[in-house]
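The block underneath contains the structure these notes are about, expressed in structure tokens.
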There are 2 protein chains.
Amino acid sequence: MHNNSLLIRNVRPLGRNATDLLIRNGKIAAQGTGLDAAETEVINGAGQLLLPGLVDAHTHIDKTFWGQPWQRHQAGPRLIDKIENERRLRRELNLSAEVQSANQIRQAIRMGTTHIRTHVDVDTEIGLSSIEAVLASKETFGDSMTLQLVAFPQSGLMIRPGTRELLEAAIDAGADLVGGIDPGAIDRDPAGHLDCIFDIAERKQVGIDIHLHEADQLGATSIELILERTRALGMQGKVTISHAFCLGMLPDAQLGELITQFQALDITIMTHGPGHIAFPPIKRLYEAGVKICAGSDGIRDAWGPYGNADMLERAMLMGFRSNYRQDDELEMILDICSFGGARVMGEKNYGLDTGCSADFVLVDAQTPTHAIVSRPPRSLVCKAGRIVARNGECLV
Amino acid sequence: MHNNSLLIRNVRPLGRNATDLLIRNGKIAAQGTGLDAAETEVINGAGQLLLPGLVDAHTHIDKTFWGQPWQRHQAGPRLIDKIENERRLRRELNLSAEVQSANQIRQAIRMGTTHIRTHVDVDTEIGLSSIEAVLASKETFGDSMTLQLVAFPQSGLMIRPGTRELLEAAIDAGADLVGGIDPGAIDRDPAGHLDCIFDIAERKQVGIDIHLHEADQLGATSIELILERTRALGMQGKVTISHAFCLGMLPDAQLGELITQFQALDITIMTHGPGHIAFPPIKRLYEAGVKICAGSDGIRDAWGPYGNADMLERAMLMGFRSNYRQDDELEMILDICSFGGARVMGEKNYGLDTGCSADFVLVDAQTPTHAIVSRPPRSLVCKAGRIVARNGECLV
């Protein structure tokens, strides 16, 4: 057999005409019908739908309960109830962030995800232990999953002295980006919070991905402050605003002005299509050329029981919440859950073109929209040319 | 072997302690540990979760495209766009309502549904053909699915002369209830529309199940008119208001007054947890003792690509949309998707108690909430004591 080569016959890339795919040395080496199969392992794609590897660009793999005995959810309704409930459960259950992150990564692989950007808690109680645990998982999975870590001050930054230093240390330890959270609503010092994380980002030469749950004008004001700092520090293309619920709540003209600035400053917006609250108007941003990515957010953790790390289900939920019923609209969502995430993660070789890294998933579906609404088991998941899942089973 | 008997060992009813279940002559004849298995087929339940048969109390099985080649969805955003698009597709595709309803019923059986209330289009273009087709499916499936038909004037009633007579003829042909739709927004004659369907219901001695998408005060006014007629005609316990989006939009005091009347007049509210619009506050109604049921609504039809006839997925969506994250809350939703639906369908022998009809589903899940969020293939579905699906495959 040829080293590291694989021929997949009869697949339909994004629903287009059937073709064969030759994989060699981790890349898509050729495509077309009737490729030469000599000395190559051959897989029959049976006319199934080929999608690029799915990208979960916002999750919390250090905190999932996935694979553990069921935890009854009893936390109260407020954000602070959930943050405190989480810290309590973290102490009581004493779960290993390394084991749990590995559990979620394997589930994600089963579901056809090839790239994850995860926010990892950093605070004065656990220090860098979760960062170290997720870095260990990153090492374990190696080429099977592209993993980016955001050092995430879940419990606040300015209100918890010592957190700034921990965020810096997290970057030094190997985290890829610096995170932030609700500079107005949690820290109640938006300028201080943002100055702090932009300073770290500038000095450490990393990007920023900030959680922004703040509603209405509080959120809009935080966005303005983020934009100011992005411009002042020349950080175009390096800033992601996650959730940005307020974009679904603002007067139209104000939203339009922010969109103009997102374009100018190359800001990425992450949404996961939350269940009960307003969220960014995806199609409007997308059509204006604003970069958008999507993620699972937390799955089955102290925050709630939902989620399964399936980005096709996430695409369904985003479409369902947005009242997108046309195939064109759901194809846009799939683009966000694949190419949109790859872009924010800085992947240069992503996609289904010849020469791209061989990261893809095969599903028994007629069209991309059919895949989103039916979510069949993933027949084959390939990462960097290696088969990492088959018939819904993770092989890693 | 004993006639019509079956012993299922080691199952956990709604997550309670493991027990065995003896099924005889279509009923749960006994439960407990160590039941005598002599002359009885024995199934190992393997400690799985036992749920009562799921109840889809609002769907449109005459119109699904399930099982057909994928239809691209291109209808415009307005209600009237979708109604007209549907009539056009109905003519162009010329699908058989009998075949399509059977396709959805089989999918529902796979998913553990044992009862369906379906709205069936009646209009001056197709007359009673869909009613007859669904009645034929009802005959075909016999004991495998309990099916109720609502004669549904999808295209309007007062604005389409001849529809009233067709609704009456549908009841005479075998439909179980008379339906209605948006008496203010579509017919623009709320009193006339409601007088018409209440008159049919009274004379034919059937219940009413009316679609009410109307927003805000328009919807509230239609509800007031429905309540007036229910009281005047003594139709307590026979009226269902489906969707009732306006209940999620009203001032609190006004909502409270309607809830008091719902209790007094024994009105049932049906919700499916729509993706993008307000909907009834489920927990508030439930805790006030208002009867609630749930359904898939249309799945994969001219209205949109979503849905799979899985009431566990529906429960997930209802919880997700309501921001219900506690197990207690999701157990309430499951109650609505099972007992709530059975109640509105008038089932007397429904449930997991000894003596109940043996309608149940077995899933590999730890708890009811785990089943809702993970939605594993249904290991076993039993309807009236007969195994109708196994390991995710419909046997009917």
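By convention here, the chains of the structure tokens are called A, B, ... in the order presented, each chain's residues are numbered starting at 1, and ligands are numbered starting at 1 in the order presented.
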
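The interface of chain B with chain A at 7 Å, considering only C-alpha atoms, consists of Trp70, Arg72, His73, Gln74, Gly275, His276, Gly304, Pro305, Tyr306, Gly307, Phe320, Arg321, Ser322, Asn323, Arg325, Gln326, Asp327, Gln366 and Val373 of chain B.
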
Take the selection from the previous step and output its residues with N, CA and C atoms, as a PDB file, in the first residue's frame.
ATOM      1  N   TRP B  70     -35.483  15.046  -1.629  1.00  0.00           N
ATOM      2  CA  TRP B  70     -35.425  16.344  -0.959  1.00  0.00           C
ATOM      3  C   TRP B  70     -36.033  17.453  -1.809  1.00  0.00           C
ATOM      4  N   ARG B  72     -36.144  21.461  -2.182  1.00  0.00           N
ATOM      5  CA  ARG B  72     -35.550  22.718  -1.704  1.00  0.00           C
ATOM      6  C   ARG B  72     -36.656  23.653  -1.234  1.00  0.00           C
ATOM      7  N   HIS B  73     -36.413  24.290  -0.113  1.00  0.00           N
ATOM      8  CA  HIS B  73     -37.405  25.202   0.463  1.00  0.00           C
ATOM      9  C   HIS B  73     -37.100  26.621   0.016  1.00  0.00           C
ATOM     10  N   GLN B  74     -38.104  27.238  -0.613  1.00  0.00           N
ATOM     11  CA  GLN B  74     -37.880  28.572  -1.160  1.00  0.00           C
ATOM     12  C   GLN B  74     -39.028  29.535  -0.897  1.00  0.00           C
ATOM     13  N   GLY B 275     -39.670  28.142  17.074  1.00  0.00           N
ATOM     14  CA  GLY B 275     -38.279  28.574  17.128  1.00  0.00           C
ATOM     15  C   GLY B 275     -38.063  30.057  17.325  1.00  0.00           C
ATOM     16  N   HIS B 276     -38.969  30.880  16.816  1.00  0.00           N
ATOM     17  CA  HIS B 276     -38.614  32.294  16.653  1.00  0.00           C
ATOM     18  C   HIS B 276     -39.656  33.239  17.212  1.00  0.00           C
ATOM     19  N   GLY B 304     -41.526  24.046   5.930  1.00  0.00           N
ATOM     20  CA  GLY B 304     -40.130  24.119   6.358  1.00  0.00           C
ATOM     21  C   GLY B 304     -39.508  22.745   6.471  1.00  0.00           C
ATOM     22  N   PRO B 305     -38.185  22.716   6.599  1.00  0.00           N
ATOM     23  CA  PRO B 305     -37.473  21.435   6.559  1.00  0.00           C
ATOM     24  C   PRO B 305     -37.332  20.737   7.904  1.00  0.00           C
ATOM     25  N   TYR B 306     -37.708  21.397   8.990  1.00  0.00           N
ATOM     26  CA  TYR B 306     -37.399  20.870  10.317  1.00  0.00           C
ATOM     27  C   TYR B 306     -38.315  19.723  10.725  1.00  0.00           C
ATOM     28  N   GLY B 307     -37.876  19.011  11.757  1.00  0.00           N
ATOM     29  CA  GLY B 307     -38.733  18.040  12.426  1.00  0.00           C
ATOM     30  C   GLY B 307     -38.485  16.613  12.004  1.00  0.00           C
ATOM     31  N   PHE B 320     -35.538  23.920  25.733  1.00  0.00           N
ATOM     32  CA  PHE B 320     -34.491  24.831  25.247  1.00  0.00           C
ATOM     33  C   PHE B 320     -35.076  26.233  25.026  1.00  0.00           C
ATOM     34  N   ARG B 321     -36.239  26.289  24.391  1.00  0.00           N
ATOM     35  CA  ARG B 321     -36.871  27.581  24.118  1.00  0.00           C
ATOM     36  C   ARG B 321     -37.366  28.262  25.381  1.00  0.00           C
ATOM     37  N   SER B 322     -37.697  27.464  26.395  1.00  0.00           N
ATOM     38  CA  SER B 322     -38.250  28.027  27.634  1.00  0.00           C
ATOM     39  C   SER B 322     -37.155  28.323  28.658  1.00  0.00           C
ATOM     40  N   ASN B 323     -35.905  28.015  28.316  1.00  0.00           N
ATOM     41  CA  ASN B 323     -34.781  28.160  29.253  1.00  0.00           C
ATOM     42  C   ASN B 323     -34.974  27.293  30.494  1.00  0.00           C
ATOM     43  N   ARG B 325     -33.717  24.462  32.539  1.00  0.00           N
ATOM     44  CA  ARG B 325     -32.447  23.742  32.663  1.00  0.00           C
ATOM     45  C   ARG B 325     -32.464  22.754  33.812  1.00  0.00           C
ATOM     46  N   GLN B 326     -33.515  22.801  34.620  1.00  0.00           N
ATOM     47  CA  GLN B 326     -33.584  21.892  35.767  1.00  0.00           C
ATOM     48  C   GLN B 326     -34.289  20.592  35.361  1.00  0.00           C
ATOM     49  N   ASP B 327     -33.873  19.505  35.988  1.00  0.00           N
ATOM     50  CA  ASP B 327     -34.508  18.216  35.699  1.00  0.00           C
ATOM     51  C   ASP B 327     -36.008  18.259  35.971  1.00  0.00           C
ATOM     52  N   GLN B 366     -30.212   7.321  31.436  1.00  0.00           N
ATOM     53  CA  GLN B 366     -30.171   7.188  32.886  1.00  0.00           C
ATOM     54  C   GLN B 366     -31.433   7.744  33.552  1.00  0.00           C
ATOM     55  N   VAL B 373     -32.340  14.966  26.433  1.00  0.00           N
ATOM     56  CA  VAL B 373     -31.200  15.667  25.838  1.00  0.00           C
ATOM     57  C   VAL B 373     -30.343  14.763  24.953  1.00  0.00           C
TER      58      VAL B 373
END

Q. Can you list, as number ranges by chain, every residue of region 77-182 of chain B that DSSP puts in alpha helix (DSSP H)?
A. B: 79-93, 97-110, 129-141, 163-173

Q: For region 220-230 of chain B, work out the shell of residues within 9 Å, counting only C-alpha atoms and skipping chain neighbours fewer than 4 positions away, then give it as a PyMOL selection string.
A: chain B and resi 182-184+190-191+194-195+198+212+214-216+234-239+241+244+246-247+250+254-255+258+261-262+265+267

Q: Would you kindly return, as a ChimeraX atom specification, each protein, DNA or RNA residue with an atom no farther than 9 Å from any atom of Asp143 (chain A), considering only C-alpha atoms and excluding same-chain residues fewer than 4 positions away?
A: /A:138-139,383-384,386

Q: Tell me which protein, DNA and RNA residues are within 7 Å of region 58-67 of chain B, counting only C-alpha atoms, leaving out same-chain ones fewer than 3 positions away, and put them as a PyMOL selection string.
A: chain B and resi 97+100-101+103-104+117-120+130+134+294-301

**Q.** Residues of region 119-154 of chain B in strand (DSSP E or B), written as a ChimeraX atom specification
**A.** /B:119-121,123,127,146-152

Residues as selected, C-alpha atoms, written as a PDB file, in the first residue's frame, can you do that?
ATOM      1  CA  HIS B 119     -54.890  18.125  11.644  1.00  0.00           C
ATOM      2  CA  VAL B 120     -55.923  17.195   8.114  1.00  0.00           C
ATOM      3  CA  ASP B 121     -56.478  19.803   5.407  1.00  0.00           C
ATOM      4  CA  ASP B 123     -60.619  22.878   1.499  1.00  0.00           C
ATOM      5  CA  GLY B 127     -62.340  18.416  -0.689  1.00  0.00           C
ATOM      6  CA  THR B 146     -53.992   5.598  18.088  1.00  0.00           C
ATOM      7  CA  LEU B 147     -54.928   8.291  15.592  1.00  0.00           C
ATOM      8  CA  GLN B 148     -57.302  11.229  15.962  1.00  0.00           C
ATOM      9  CA  LEU B 149     -58.199  13.442  13.007  1.00  0.00           C
ATOM     10  CA  VAL B 150     -59.076  17.117  13.166  1.00  0.00           C
ATOM     11  CA  ALA B 151     -60.837  18.441  10.056  1.00  0.00           C
ATOM     12  CA  PHE B 152     -58.697  21.522   9.416  1.00  0.00           C
TER      13      PHE B 152
END

(Q) Residues within 9 Å of Arg16 (chain B), please, as a PyMOL selection string. Count only C-alpha atoms; anything in the same chain fewer than 3 positions from it doesn't count. (A) chain B and resi 11-13+19+49+367

Q: Provide the CA of Met270 (chain B) to CA of Ser242 (chain B) distance in Å, to one decimal place.
A: 4.5 Å

Q: State, in Å with one decimal place, the distance from CA of Ile197 (chain A) to CA of Leu167 (chain A).
A: 8.6 Å

Q: Rank B:Leu51, B:Ile23, B:Leu89, B:Leu7 by their smallest atom-to-atom distance to Thr354 (chain B), using only C-alpha atoms, and report the top residue only.
A: B:Ile23
